[in-house]
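Trainee: Contents of work.pdb (PDB, C-alpha atoms and all ligand atoms):
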```pdb
ATOM      1  CA  MET M   1      -5.716  22.174  -8.329
ATOM      2  CA  ASP M   2      -6.820  19.372 -10.620
ATOM      3  CA  LEU M   3      -3.957  18.067 -12.750
ATOM      4  CA  ALA M   4      -5.885  15.143 -14.241
ATOM      5  CA  ILE M   5      -3.642  12.439 -12.929
ATOM      6  CA  ASP M   6      -3.867   9.059 -14.670
ATOM      7  CA  LEU M   7      -2.489   7.106 -11.721
ATOM      8  CA  ALA M   8      -1.318   7.854  -8.199
ATOM      9  CA  VAL M   9       1.244   5.525  -6.669
ATOM     10  CA  ILE M  10       1.893   5.345  -2.932
ATOM     11  CA  GLY M  11       5.283   3.820  -2.187
ATOM     12  CA  GLY M  12       6.012   1.815   0.959
ATOM     13  CA  THR M  13       9.112   0.705   2.824
ATOM     14  CA  GLY M  14      12.107   0.608   0.484
ATOM     15  CA  LEU M  15      10.175   2.376  -2.290
ATOM     16  CA  TYR M  16      10.757   6.083  -1.866
ATOM     17  CA  GLN M  17      10.719   7.253  -5.466
ATOM     18  CA  LEU M  18       9.671   6.329  -8.993
ATOM     19  CA  ALA M  19      12.889   6.375 -10.936
ATOM     20  CA  ASP M  20      11.260   6.736 -14.354
ATOM     21  CA  LEU M  21       9.063   9.700 -13.503
ATOM     22  CA  GLN M  22      10.012  12.575 -15.793
ATOM     23  CA  ASP M  23       9.775  16.325 -15.168
ATOM     24  CA  ALA M  24       8.442  15.582 -11.702
ATOM     25  CA  GLU M  25       7.218  18.607  -9.783
ATOM     26  CA  PRO M  26       6.671  18.490  -6.031
ATOM     27  CA  HIS M  27       3.207  19.395  -4.766
ATOM     28  CA  GLN M  28       2.087  19.639  -1.165
ATOM     29  CA  PRO M  29      -1.584  20.507  -1.238
ATOM     30  CA  VAL M  30      -3.025  21.778   2.004
ATOM     31  CA  THR M  31      -6.022  19.765   3.118
ATOM     32  CA  ARG M  32      -8.110  20.010   6.257
ATOM     33  CA  TYR M  33      -6.477  16.840   7.549
ATOM     34  CA  GLY M  34      -3.024  18.251   8.306
ATOM     35  CA  ALA M  35       0.413  17.417   6.976
ATOM     36  CA  LEU M  36       0.925  14.635   4.484
ATOM     37  CA  SER M  37       3.944  12.332   4.526
ATOM     38  CA  GLY M  38       5.907  14.503   2.099
ATOM     39  CA  PRO M  39       5.716  16.020  -1.345
ATOM     40  CA  VAL M  40       3.567  14.413  -4.012
ATOM     41  CA  ARG M  41       5.796  14.225  -7.072
ATOM     42  CA  VAL M  42       3.734  14.654 -10.203
ATOM     43  CA  GLY M  43       5.406  13.893 -13.500
ATOM     44  CA  THR M  44       5.127  11.973 -16.738
ATOM     45  CA  LEU M  45       5.662   8.311 -17.425
ATOM     46  CA  ASP M  46       5.316   7.304 -21.053
ATOM     47  CA  GLY M  47       3.202  10.368 -21.691
ATOM     48  CA  ARG M  48       0.784   9.700 -18.817
ATOM     49  CA  ARG M  49       0.480  11.859 -15.694
ATOM     50  CA  VAL M  50       1.594   9.981 -12.622
ATOM     51  CA  ALA M  51       1.726  11.123  -8.997
ATOM     52  CA  PHE M  52       4.027   9.489  -6.487
ATOM     53  CA  LEU M  53       3.937   9.800  -2.716
ATOM     54  CA  ALA M  54       6.297   8.042  -0.301
ATOM     55  CA  ARG M  55       3.989   6.831   2.481
ATOM     56  CA  HIS M  56       6.678   6.946   5.164
ATOM     57  CA  GLY M  57       8.224  10.170   3.866
ATOM     58  CA  GLU M  58      11.149  10.279   1.486
ATOM     59  CA  GLY M  59      13.580   9.579   4.336
ATOM     60  CA  HIS M  60      11.395   6.880   5.941
ATOM     61  CA  SER M  61      10.737   9.005   9.009
ATOM     62  CA  VAL M  62       7.014   8.315   9.506
ATOM     63  CA  PRO M  63       6.149   4.994  11.195
ATOM     64  CA  PRO M  64       3.050   3.074  10.068
ATOM     65  CA  HIS M  65       0.860   4.122  13.019
ATOM     66  CA  LYS M  66       1.761   7.797  12.539
ATOM     67  CA  VAL M  67       1.128   8.045   8.808
ATOM     68  CA  ASN M  68      -1.528  10.660   8.164
ATOM     69  CA  TYR M  69      -3.483   8.396   5.824
ATOM     70  CA  ARG M  70      -6.338  10.870   5.511
ATOM     71  CA  ALA M  71      -4.095  13.765   4.513
ATOM     72  CA  ASN M  72      -2.208  11.601   2.007
ATOM     73  CA  LEU M  73      -5.331  10.387   0.230
ATOM     74  CA  ALA M  74      -7.139  13.723   0.399
ATOM     75  CA  ALA M  75      -4.053  15.396  -1.125
ATOM     76  CA  LEU M  76      -3.897  12.876  -3.977
ATOM     77  CA  GLN M  77      -7.577  13.415  -4.652
ATOM     78  CA  ALA M  78      -7.175  17.208  -4.493
ATOM     79  CA  LEU M  79      -4.473  16.908  -7.154
ATOM     80  CA  GLY M  80      -6.894  15.081  -9.425
ATOM     81  CA  ALA M  81      -6.130  11.420  -8.770
ATOM     82  CA  LYS M  82      -8.976   8.954  -9.179
ATOM     83  CA  GLN M  83      -6.992   5.711  -9.171
ATOM     84  CA  VAL M  84      -4.466   4.767  -6.541
ATOM     85  CA  LEU M  85      -2.027   1.896  -6.663
ATOM     86  CA  ALA M  86      -0.642   1.232  -3.194
ATOM     87  CA  LEU M  87       2.738  -0.452  -2.981
ATOM     88  CA  ASN M  88       2.981  -2.278   0.334
ATOM     89  CA  THR M  89       5.982  -4.112   1.690
ATOM     90  CA  VAL M  90       4.769  -7.195   3.532
ATOM     91  CA  GLY M  91       5.739 -10.426   5.206
ATOM     92  CA  GLY M  92       4.562 -13.702   3.672
ATOM     93  CA  ILE M  93       2.533 -16.154   5.755
ATOM     94  CA  THR M  94       1.337 -18.886   3.407
ATOM     95  CA  GLU M  95       3.214 -20.990   0.889
ATOM     96  CA  ARG M  96       2.592 -18.984  -2.276
ATOM     97  CA  PHE M  97       3.887 -15.771  -0.712
ATOM     98  CA  GLY M  98       7.609 -16.246  -0.105
ATOM     99  CA  PRO M  99      10.208 -13.461  -0.138
ATOM    100  CA  ARG M 100      10.460 -11.479  -3.404
ATOM    101  CA  VAL M 101       6.996 -12.473  -4.579
ATOM    102  CA  LEU M 102       4.733  -9.736  -5.952
ATOM    103  CA  ALA M 103       1.053 -10.159  -5.137
ATOM    104  CA  CYS M 104      -2.215  -8.375  -5.750
ATOM    105  CA  PRO M 105      -4.374  -9.283  -2.731
ATOM    106  CA  ASP M 106      -8.152  -9.344  -2.949
ATOM    107  CA  GLN M 107      -9.079  -9.375   0.733
ATOM    108  CA  LEU M 108      -7.910  -7.903   3.982
ATOM    109  CA  ILE M 109      -8.356  -8.166   7.730
ATOM    110  CA  ASP M 110      -7.725  -5.113   9.893
ATOM    111  CA  TYR M 111      -5.881  -5.718  13.176
ATOM    112  CA  THR M 112      -4.796  -2.107  13.627
ATOM    113  CA  TRP M 113      -6.048   0.047  16.491
ATOM    114  CA  GLY M 114      -6.035   3.684  17.518
ATOM    115  CA  ARG M 115      -5.630   5.032  13.996
ATOM    116  CA  VAL M 116      -7.961   7.632  12.562
ATOM    117  CA  SER M 117      -9.748   5.341  10.178
ATOM    118  CA  THR M 118     -12.578   7.378   8.690
ATOM    119  CA  PHE M 119     -13.414  10.740   7.172
ATOM    120  CA  CYS M 120     -16.696  10.639   9.096
ATOM    121  CA  GLU M 121     -15.215  12.169  12.244
ATOM    122  CA  GLU M 122     -16.224  15.776  12.466
ATOM    123  CA  GLU M 123     -19.619  16.725  13.762
ATOM    124  CA  GLY M 124     -21.999  17.431  10.942
ATOM    125  CA  THR M 125     -20.171  15.118   8.548
ATOM    126  CA  GLU M 126     -22.405  12.639   6.804
ATOM    127  CA  VAL M 127     -21.814   9.150   8.210
ATOM    128  CA  LEU M 128     -20.925   6.822   5.376
ATOM    129  CA  HIS M 129     -21.238   3.059   5.693
ATOM    130  CA  VAL M 130     -19.359   2.302   2.518
ATOM    131  CA  ASP M 131     -19.500  -1.169   1.035
ATOM    132  CA  PHE M 132     -16.167  -2.877   1.687
ATOM    133  CA  GLY M 133     -16.905  -6.500   0.802
ATOM    134  CA  ASP M 134     -14.249  -6.196  -1.898
ATOM    135  CA  PRO M 135     -11.756  -3.891  -0.186
ATOM    136  CA  TYR M 136      -9.714  -3.471  -3.367
ATOM    137  CA  THR M 137     -11.424  -2.121  -6.479
ATOM    138  CA  PRO M 138     -12.028  -5.211  -8.647
ATOM    139  CA  SER M 139     -11.683  -3.382 -11.990
ATOM    140  CA  LEU M 140      -8.348  -1.813 -11.008
ATOM    141  CA  ARG M 141      -7.117  -5.183  -9.681
ATOM    142  CA  GLN M 142      -7.981  -6.783 -13.007
ATOM    143  CA  ARG M 143      -6.078  -4.064 -14.856
ATOM    144  CA  VAL M 144      -3.037  -4.561 -12.610
ATOM    145  CA  LEU M 145      -3.144  -8.324 -13.200
ATOM    146  CA  GLY M 146      -3.530  -7.800 -16.936
ATOM    147  CA  ALA M 147      -0.625  -5.343 -16.972
ATOM    148  CA  ALA M 148       1.600  -7.820 -15.145
ATOM    149  CA  ALA M 149       0.697 -10.545 -17.632
ATOM    150  CA  SER M 150       1.400  -8.356 -20.638
ATOM    151  CA  ALA M 151       4.690  -7.148 -19.135
ATOM    152  CA  GLY M 152       5.756 -10.719 -18.305
ATOM    153  CA  VAL M 153       5.938  -9.919 -14.579
ATOM    154  CA  THR M 154       4.918 -12.753 -12.268
ATOM    155  CA  LEU M 155       2.175 -11.531  -9.943
ATOM    156  CA  VAL M 156       0.168 -13.716  -7.572
ATOM    157  CA  ASP M 157      -3.552 -13.104  -8.038
ATOM    158  CA  GLY M 158      -5.356 -12.808  -4.718
ATOM    159  CA  GLY M 159      -4.563 -13.374  -1.094
ATOM    160  CA  CYS M 160      -5.660 -11.860   2.164
ATOM    161  CA  TYR M 161      -3.651  -8.974   3.625
ATOM    162  CA  GLY M 162      -3.621  -8.726   7.418
ATOM    163  CA  ALA M 163      -2.898  -5.191   8.599
ATOM    164  CA  THR M 164      -1.081  -5.055  11.953
ATOM    165  CA  GLN M 165      -0.280  -2.094  14.148
ATOM    166  CA  GLY M 166       3.520  -2.245  14.184
ATOM    167  CA  PRO M 167       6.034  -0.819  14.208
ATOM    168  CA  ARG M 168       7.339  -3.976  15.819
ATOM    169  CA  LEU M 169       7.081  -7.182  13.852
ATOM    170  CA  GLU M 170       4.730  -9.911  15.031
ATOM    171  CA  THR M 171       5.249 -12.824  17.374
ATOM    172  CA  ARG M 172       5.130 -16.364  15.960
ATOM    173  CA  ALA M 173       1.855 -16.900  17.838
ATOM    174  CA  GLU M 174       0.348 -13.778  16.270
ATOM    175  CA  ILE M 175       1.302 -14.983  12.804
ATOM    176  CA  ALA M 176      -0.062 -18.474  13.562
ATOM    177  CA  ARG M 177      -3.341 -16.834  14.561
ATOM    178  CA  MET M 178      -3.365 -14.721  11.423
ATOM    179  CA  ARG M 179      -2.817 -17.854   9.337
ATOM    180  CA  ARG M 180      -5.795 -19.492  11.076
ATOM    181  CA  ASP M 181      -7.812 -16.357  10.329
ATOM    182  CA  GLY M 182      -7.033 -16.760   6.634
ATOM    183  CA  CYS M 183      -4.281 -14.161   6.151
ATOM    184  CA  ASP M 184      -1.638 -14.794   3.504
ATOM    185  CA  LEU M 185       0.290 -11.554   3.927
ATOM    186  CA  VAL M 186       1.054  -9.255   6.834
ATOM    187  CA  GLY M 187       1.864  -5.575   6.668
ATOM    188  CA  MET M 188       1.421  -2.447   8.752
ATOM    189  CA  THR M 189       0.026   0.100   6.328
ATOM    190  CA  GLY M 190      -2.808  -1.553   4.404
ATOM    191  CA  MET M 191      -5.359  -0.067   6.777
ATOM    192  CA  PRO M 192      -6.888   2.409   7.230
ATOM    193  CA  GLU M 193      -5.594   3.431   3.795
ATOM    194  CA  ALA M 194      -7.843   1.098   1.786
ATOM    195  CA  GLY M 195     -10.956   1.995   3.774
ATOM    196  CA  LEU M 196     -10.304   5.714   3.504
ATOM    197  CA  ALA M 197      -9.785   5.416  -0.246
ATOM    198  CA  ARG M 198     -13.183   3.736  -0.482
ATOM    199  CA  GLU M 199     -14.796   6.540   1.532
ATOM    200  CA  LEU M 200     -13.340   9.055  -0.915
ATOM    201  CA  GLY M 201     -14.611   7.049  -3.876
ATOM    202  CA  LEU M 202     -11.101   6.444  -5.194
ATOM    203  CA  ASP M 203     -10.253   3.276  -7.095
ATOM    204  CA  TYR M 204      -7.620   1.531  -5.007
ATOM    205  CA  ALA M 205      -5.554  -1.621  -5.437
ATOM    206  CA  CYS M 206      -2.585  -3.036  -3.561
ATOM    207  CA  LEU M 207       0.612  -4.326  -5.073
ATOM    208  CA  ALA M 208       2.273  -6.209  -2.234
ATOM    209  CA  ILE M 209       5.999  -6.880  -2.256
ATOM    210  CA  VAL M 210       6.970  -9.765  -0.015
ATOM    211  CA  ALA M 211      10.122  -8.826   1.868
ATOM    212  CA  ASN M 212      10.433 -11.747   4.282
ATOM    213  CA  TRP M 213       8.715 -14.762   5.727
ATOM    214  CA  ALA M 214       6.567 -13.533   8.596
ATOM    215  CA  ALA M 215       7.599 -14.726  12.062
ATOM    216  CA  GLY M 216       7.685 -18.519  12.140
ATOM    217  CA  ALA M 217       6.193 -18.833   8.649
ATOM    218  CA  GLY M 218       9.317 -19.777   6.695
ATOM    219  CA  PRO M 219      11.284 -23.015   6.518
ATOM    220  CA  GLN M 220      13.459 -21.922   9.445
ATOM    221  CA  ILE M 221      10.993 -21.324  12.248
ATOM    222  CA  ASP M 222      13.237 -19.184  14.481
ATOM    223  CA  GLU M 223      14.670 -17.078  11.645
ATOM    224  CA  VAL M 224      15.383 -13.497  12.739
ATOM    225  CA  ILE M 225      13.994 -10.874  10.349
ATOM    226  CA  THR M 226      16.478  -8.061   9.689
ATOM    227  CA  PHE M 227      15.760  -4.718   8.063
ATOM    228  CA  GLU M 228      18.686  -5.363   5.676
ATOM    229  CA  ASP M 229      17.013  -8.556   4.408
ATOM    230  CA  VAL M 230      13.746  -6.673   4.030
ATOM    231  CA  LEU M 231      15.382  -3.937   1.950
ATOM    232  CA  ASP M 232      17.410  -6.427  -0.150
ATOM    233  CA  ASN M 233      14.314  -8.432  -1.009
ATOM    234  CA  VAL M 234      12.243  -5.334  -1.760
ATOM    235  CA  ALA M 235      14.995  -4.043  -4.056
ATOM    236  CA  ALA M 236      15.155  -7.398  -5.873
ATOM    237  CA  ALA M 237      11.384  -7.781  -6.224
ATOM    238  CA  SER M 238      10.923  -4.174  -7.262
ATOM    239  CA  SER M 239      12.537  -4.743 -10.642
ATOM    240  CA  GLY M 240       9.111  -5.932 -11.795
ATOM    241  CA  ILE M 241       7.374  -2.708 -10.831
ATOM    242  CA  PRO M 242       8.484  -0.286 -13.603
ATOM    243  CA  PRO M 243       7.457  -2.635 -16.459
ATOM    244  CA  LEU M 244       4.186  -3.406 -14.704
ATOM    245  CA  LEU M 245       3.434   0.311 -14.247
ATOM    246  CA  ARG M 246       4.276   1.040 -17.877
ATOM    247  CA  ALA M 247       1.911  -1.692 -19.039
ATOM    248  CA  LEU M 248      -0.784  -0.437 -16.665
ATOM    249  CA  LEU M 249      -0.486   3.097 -18.015
ATOM    250  CA  ALA M 250      -0.483   1.851 -21.592
ATOM    251  CA  GLY M 251      -3.624  -0.228 -21.057
TER     252      GLY M 251
HETATM  253  N1  LIG M 301       5.228  -8.042   9.343
HETATM  254  C1  LIG M 301       4.593  -6.858   9.218
HETATM  255  N2  LIG M 301       4.935  -5.962   8.296
HETATM  256  C2  LIG M 301       5.946  -6.267   7.474
HETATM  257  C3  LIG M 301       6.635  -7.471   7.552
HETATM  258  C4  LIG M 301       6.253  -8.418   8.530
HETATM  259  O1  LIG M 301       6.828  -9.504   8.672
HETATM  260  N3  LIG M 301       7.606  -7.444   6.594
HETATM  261  C5  LIG M 301       7.464  -6.265   5.934
HETATM  262  N4  LIG M 301       6.472  -5.538   6.469
END
```
Can the structure from this file be put into structure tokens for me?
Ligand code: HPA
Mentor:
Amino acid sequence: MDLAIDLAVIGGTGLYQLADLQDAEPHQPVTRYGALSGPVRVGTLDGRRVAFLARHGEGHSVPPHKVNYRANLAALQALGAKQVLALNTVGGITERFGPRVLACPDQLIDYTWGRVSTFCEEEGTEVLHVDFGDPYTPSLRQRVLGAAASAGVTLVDGGCYGATQGPRLETRAEIARMRRDGCDLVGMTGMPEAGLARELGLDYACLAIVANWAAGAGPQIDEVITFEDVLDNVAAASSGIPPLLRALLAG
């Protein structure tokens, strides 16, 4: 079922739909990897075919460590997607990445464990050692950055995304260690998604939405992070996403 999709968007926490998607039809392709997070809504945005999938399900019922990343990506590919823009809600660690900032990271470090992180699992499957030096597809990143510039949306270029296991947030010591490691952002869903996308040969870039200062990273060291703050900041920062997507599709 190849619908020739121009762009697939995976939405994260607080981003459960694409408001501007017209004539959206739900699709739930069956893949060998089991159930995906929910329906893939395929519709039109400014005349281009766009697919949207809520990573945690439309009612946010799937926690980060239980997301069936393989099924989600395999389903998008089965529908005809070749380019995936992942929207990831994150905490900010370093100065440039405060709440409500949008960023397009260029590196990542994987701290997750126990997740199925490859398509090379089944016996008889070819073992792929895909290049992952640039975990996000440079050409798609450049297009996202160009789209933001032409839409007048402020987007930080670069940064290192640290993927943690969750669903709990991190300790201050964990964030201090991540800062020493070189992480600028912390989130729970960046991996294995990016690695799996590379194995499938999909172009993949991350648009990170900073929802909060990570533990101990903000001006008030013992600040408690609440889910309400996270959702408020995601809602505020998300106003930049529709114009950025439109510019990306136009480009
Ligand atoms: N840590 C991990 N994931 C997150 C955070 C955080 O502080 N905020 C939003 N997603």
Trainee: I'd like the interatomic distance between CA of Leu87 in chain M and CA of Ile175 in chain M, to a tenth of an Å.
Mentor: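 So the answer is 21.5 Å.
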Trainee: Go ahead and compute the interatomic distance for CA of Asp131 in chain M and CA of Ala86 in chain M, in Å to one decimal.
Mentor: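 That distance, rounded to one decimal, is 19.5 Å.
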Trainee: With a cut-off of 9 Å, could you pull out the residues of chain M touching ligand LIG 301 (chain M) and give me the nearest pair of atoms for each, distance in Å to one decimal, using all atoms listed in the file, ordered by chain and ascending number, as CSV?
Mentor:
```
residue,atom,partner,partner_atom,distance
M:Thr13,CA,M:LIG301,N4,7.7
M:Asn88,CA,M:LIG301,N4,7.8
M:Thr89,CA,M:LIG301,C5,5.0
M:Val90,CA,M:LIG301,C5,3.7
M:Gly91,CA,M:LIG301,O1,3.7
M:Gly92,CA,M:LIG301,O1,6.9
M:Ile93,CA,M:LIG301,O1,8.4
M:Gly162,CA,M:LIG301,C1,8.6
M:Ala163,CA,M:LIG301,C1,7.7
M:Thr164,CA,M:LIG301,C1,6.6
M:Gln165,CA,M:LIG301,C1,8.4
M:Gly166,CA,M:LIG301,C1,6.9
M:Pro167,CA,M:LIG301,N2,7.9
M:Arg168,CA,M:LIG301,C1,7.7
M:Leu169,CA,M:LIG301,N1,5.0
M:Glu170,CA,M:LIG301,N1,6.0
M:Ile175,CA,M:LIG301,N1,8.7
M:Leu185,CA,M:LIG301,N1,8.1
M:Val186,CA,M:LIG301,C1,4.9
M:Gly187,CA,M:LIG301,N2,3.5
M:Met188,CA,M:LIG301,N2,5.0
M:Thr189,CA,M:LIG301,N2,8.0
M:Ile209,CA,M:LIG301,C5,8.3
M:Val210,CA,M:LIG301,C5,6.9
M:Ala211,CA,M:LIG301,C5,5.5
M:Asn212,CA,M:LIG301,N3,5.6
M:Trp213,CA,M:LIG301,O1,6.3
M:Ala214,CA,M:LIG301,O1,4.0
M:Ala215,CA,M:LIG301,O1,6.3
M:Ile225,CA,M:LIG301,O1,7.5
M:Phe227,CA,M:LIG301,C5,8.7
M:Val230,CA,M:LIG301,C5,6.6
```
Trainee: Please build the interface table for range 56-128 of chain M against range 38-41 of chain M with a cut-off of 12 Å, listing for each qualifying residue the nearest atom pair and the distance in Å to one decimal; count all atoms listed in the file, order rows by chain and increasing number, and write it as JSON lines.
Mentor:
```
{"residue": "M:His56", "atom": "CA", "partner": "M:Gly38", "partner_atom": "CA", "distance": 8.2}
{"residue": "M:Gly57", "atom": "CA", "partner": "M:Gly38", "partner_atom": "CA", "distance": 5.2}
{"residue": "M:Glu58", "atom": "CA", "partner": "M:Gly38", "partner_atom": "CA", "distance": 6.8}
{"residue": "M:Gly59", "atom": "CA", "partner": "M:Gly38", "partner_atom": "CA", "distance": 9.4}
{"residue": "M:His60", "atom": "CA", "partner": "M:Gly38", "partner_atom": "CA", "distance": 10.1}
{"residue": "M:Ser61", "atom": "CA", "partner": "M:Gly38", "partner_atom": "CA", "distance": 10.1}
{"residue": "M:Val62", "atom": "CA", "partner": "M:Gly38", "partner_atom": "CA", "distance": 9.7}
{"residue": "M:Val67", "atom": "CA", "partner": "M:Gly38", "partner_atom": "CA", "distance": 10.5}
{"residue": "M:Asn68", "atom": "CA", "partner": "M:Gly38", "partner_atom": "CA", "distance": 10.3}
{"residue": "M:Tyr69", "atom": "CA", "partner": "M:Gly38", "partner_atom": "CA", "distance": 11.8}
{"residue": "M:Ala71", "atom": "CA", "partner": "M:Gly38", "partner_atom": "CA", "distance": 10.3}
{"residue": "M:Asn72", "atom": "CA", "partner": "M:Gly38", "partner_atom": "CA", "distance": 8.6}
{"residue": "M:Leu73", "atom": "CA", "partner": "M:Val40", "partner_atom": "CA", "distance": 10.6}
{"residue": "M:Ala74", "atom": "CA", "partner": "M:Val40", "partner_atom": "CA", "distance": 11.6}
{"residue": "M:Ala75", "atom": "CA", "partner": "M:Val40", "partner_atom": "CA", "distance": 8.2}
{"residue": "M:Leu76", "atom": "CA", "partner": "M:Val40", "partner_atom": "CA", "distance": 7.6}
{"residue": "M:Gln77", "atom": "CA", "partner": "M:Val40", "partner_atom": "CA", "distance": 11.2}
{"residue": "M:Ala78", "atom": "CA", "partner": "M:Val40", "partner_atom": "CA", "distance": 11.1}
{"residue": "M:Leu79", "atom": "CA", "partner": "M:Val40", "partner_atom": "CA", "distance": 9.0}
{"residue": "M:Gly80", "atom": "CA", "partner": "M:Val40", "partner_atom": "CA", "distance": 11.8}
{"residue": "M:Ala81", "atom": "CA", "partner": "M:Val40", "partner_atom": "CA", "distance": 11.2}
```
Trainee: Neighbourhood query: residues within 6 Å of (2.7, -11.9, -3.7), file coordinates, counting only C-alpha atoms; return as number ranges by chain.
Mentor: M: 97, 101-103, 156, 208
Trainee: Determine, counting all atoms listed in the file, which protein, DNA and RNA residues have an atom within 10 Å of an atom of Asp106 in chain M; residues of the same chain fewer than 2 positions away are not included. Present the result as an NGL selection string.
Mentor: :M and (103-104 or 108 or 133-138 or 141 or 157-161 or 205-206)
Trainee: For Arg143 in chain M, find every residue with an atom within 10 Å (counting all atoms listed in the file), except residues of its own chain fewer than 6 positions away, and show them as a ChimeraX atom specification.
Mentor: /M:149,205,247-249,251
Trainee: Convert the output of the PyMOL selection byres (((chain M and resi 17) around 8) and not hetatm) on the shown file into explicit residues, formatted as a PyMOL selection string.
Mentor: chain M and resi 11+15-16+18-19+52-54+58
Trainee: Can you work out the spacing between CA of Met191 in chain M and CA of Gly12 in chain M in Å, to one decimal?
Mentor: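 We find that CA of Met191 in chain M and CA of Gly12 in chain M lie 12.9 Å from each other.
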Trainee: Check the smallest atom-to-atom distance from each of M:Thr154, M:Val9, M:Ile109, M:Pro242 to Gly182 in chain M using only C-alpha atoms, then report the winner.
Mentor: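 Among M:Thr154, M:Val9, M:Ile109, M:Pro242, it is M:Ile109 that comes nearest to Gly182 in chain M.
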Trainee: Could you tell me which of M:Ile241, M:Val30, M:Asp222, M:Pro105 comes closest to Gly152 in chain M if we count all atoms listed in the file?
Mentor: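 Going through M:Ile241, M:Val30, M:Asp222, M:Pro105 one by one, the smallest distance to Gly152 in chain M is for M:Ile241.
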Trainee: Just write range 42-61 of chain M with N, CA and C atoms, as a PDB file, in the first residue's frame, taken from the block above.
Mentor:
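out_26.pdb, written as the output of this step:
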```pdb
ATOM      1  N   VAL M  42      -3.234   9.808   7.313  1.00  0.00           N
ATOM      2  CA  VAL M  42      -2.635  10.280   6.061  1.00  0.00           C
ATOM      3  C   VAL M  42      -3.590  11.279   5.418  1.00  0.00           C
ATOM      4  N   GLY M  43      -3.099  12.466   5.178  1.00  0.00           N
ATOM      5  CA  GLY M  43      -3.943  13.502   4.597  1.00  0.00           C
ATOM      6  C   GLY M  43      -3.111  14.464   3.770  1.00  0.00           C
ATOM      7  N   THR M  44      -3.673  15.639   3.535  1.00  0.00           N
ATOM      8  CA  THR M  44      -3.033  16.614   2.664  1.00  0.00           C
ATOM      9  C   THR M  44      -2.757  17.893   3.444  1.00  0.00           C
ATOM     10  N   LEU M  45      -1.580  18.421   3.202  1.00  0.00           N
ATOM     11  CA  LEU M  45      -1.215  19.710   3.794  1.00  0.00           C
ATOM     12  C   LEU M  45      -0.631  20.537   2.659  1.00  0.00           C
ATOM     13  N   ASP M  46      -1.322  21.584   2.305  1.00  0.00           N
ATOM     14  CA  ASP M  46      -0.899  22.417   1.172  1.00  0.00           C
ATOM     15  C   ASP M  46      -0.623  21.577  -0.068  1.00  0.00           C
ATOM     16  N   GLY M  47      -1.473  20.625  -0.312  1.00  0.00           N
ATOM     17  CA  GLY M  47      -1.360  19.830  -1.540  1.00  0.00           C
ATOM     18  C   GLY M  47      -0.325  18.720  -1.473  1.00  0.00           C
ATOM     19  N   ARG M  48       0.354  18.567  -0.359  1.00  0.00           N
ATOM     20  CA  ARG M  48       1.353  17.491  -0.225  1.00  0.00           C
ATOM     21  C   ARG M  48       0.789  16.414   0.695  1.00  0.00           C
ATOM     22  N   ARG M  49       1.205  15.166   0.447  1.00  0.00           N
ATOM     23  CA  ARG M  49       0.711  14.035   1.240  1.00  0.00           C
ATOM     24  C   ARG M  49       1.542  13.914   2.520  1.00  0.00           C
ATOM     25  N   VAL M  50       0.869  13.979   3.622  1.00  0.00           N
ATOM     26  CA  VAL M  50       1.564  13.927   4.910  1.00  0.00           C
ATOM     27  C   VAL M  50       0.933  12.826   5.777  1.00  0.00           C
ATOM     28  N   ALA M  51       1.792  12.069   6.432  1.00  0.00           N
ATOM     29  CA  ALA M  51       1.323  11.039   7.372  1.00  0.00           C
ATOM     30  C   ALA M  51       1.673  11.480   8.775  1.00  0.00           C
ATOM     31  N   PHE M  52       0.757  11.266   9.698  1.00  0.00           N
ATOM     32  CA  PHE M  52       1.034  11.624  11.091  1.00  0.00           C
ATOM     33  C   PHE M  52       0.750  10.436  11.998  1.00  0.00           C
ATOM     34  N   LEU M  53       1.683  10.185  12.896  1.00  0.00           N
ATOM     35  CA  LEU M  53       1.513   9.108  13.877  1.00  0.00           C
ATOM     36  C   LEU M  53       1.867   9.644  15.260  1.00  0.00           C
ATOM     37  N   ALA M  54       0.962   9.456  16.210  1.00  0.00           N
ATOM     38  CA  ALA M  54       1.244   9.859  17.599  1.00  0.00           C
ATOM     39  C   ALA M  54       2.041   8.731  18.259  1.00  0.00           C
ATOM     40  N   ARG M  55       3.287   9.027  18.618  1.00  0.00           N
ATOM     41  CA  ARG M  55       4.204   7.986  19.105  1.00  0.00           C
ATOM     42  C   ARG M  55       3.680   7.281  20.357  1.00  0.00           C
ATOM     43  N   HIS M  56       3.029   8.051  21.227  1.00  0.00           N
ATOM     44  CA  HIS M  56       2.537   7.467  22.480  1.00  0.00           C
ATOM     45  C   HIS M  56       1.075   7.056  22.391  1.00  0.00           C
ATOM     46  N   GLY M  57       0.534   7.017  21.158  1.00  0.00           N
ATOM     47  CA  GLY M  57      -0.892   6.767  20.989  1.00  0.00           C
ATOM     48  C   GLY M  57      -1.643   8.081  21.121  1.00  0.00           C
ATOM     49  N   GLU M  58      -2.840   8.123  20.538  1.00  0.00           N
ATOM     50  CA  GLU M  58      -3.550   9.403  20.523  1.00  0.00           C
ATOM     51  C   GLU M  58      -4.009   9.823  21.914  1.00  0.00           C
ATOM     52  N   GLY M  59      -4.095   8.870  22.844  1.00  0.00           N
ATOM     53  CA  GLY M  59      -4.476   9.216  24.216  1.00  0.00           C
ATOM     54  C   GLY M  59      -3.292   9.154  25.173  1.00  0.00           C
ATOM     55  N   HIS M  60      -2.096   9.205  24.650  1.00  0.00           N
ATOM     56  CA  HIS M  60      -0.850   9.101  25.431  1.00  0.00           C
ATOM     57  C   HIS M  60      -0.897   7.913  26.394  1.00  0.00           C
ATOM     58  N   SER M  61      -1.122   6.724  25.832  1.00  0.00           N
ATOM     59  CA  SER M  61      -1.213   5.547  26.693  1.00  0.00           C
ATOM     60  C   SER M  61       0.036   4.664  26.610  1.00  0.00           C
TER      61      SER M  61
END
```
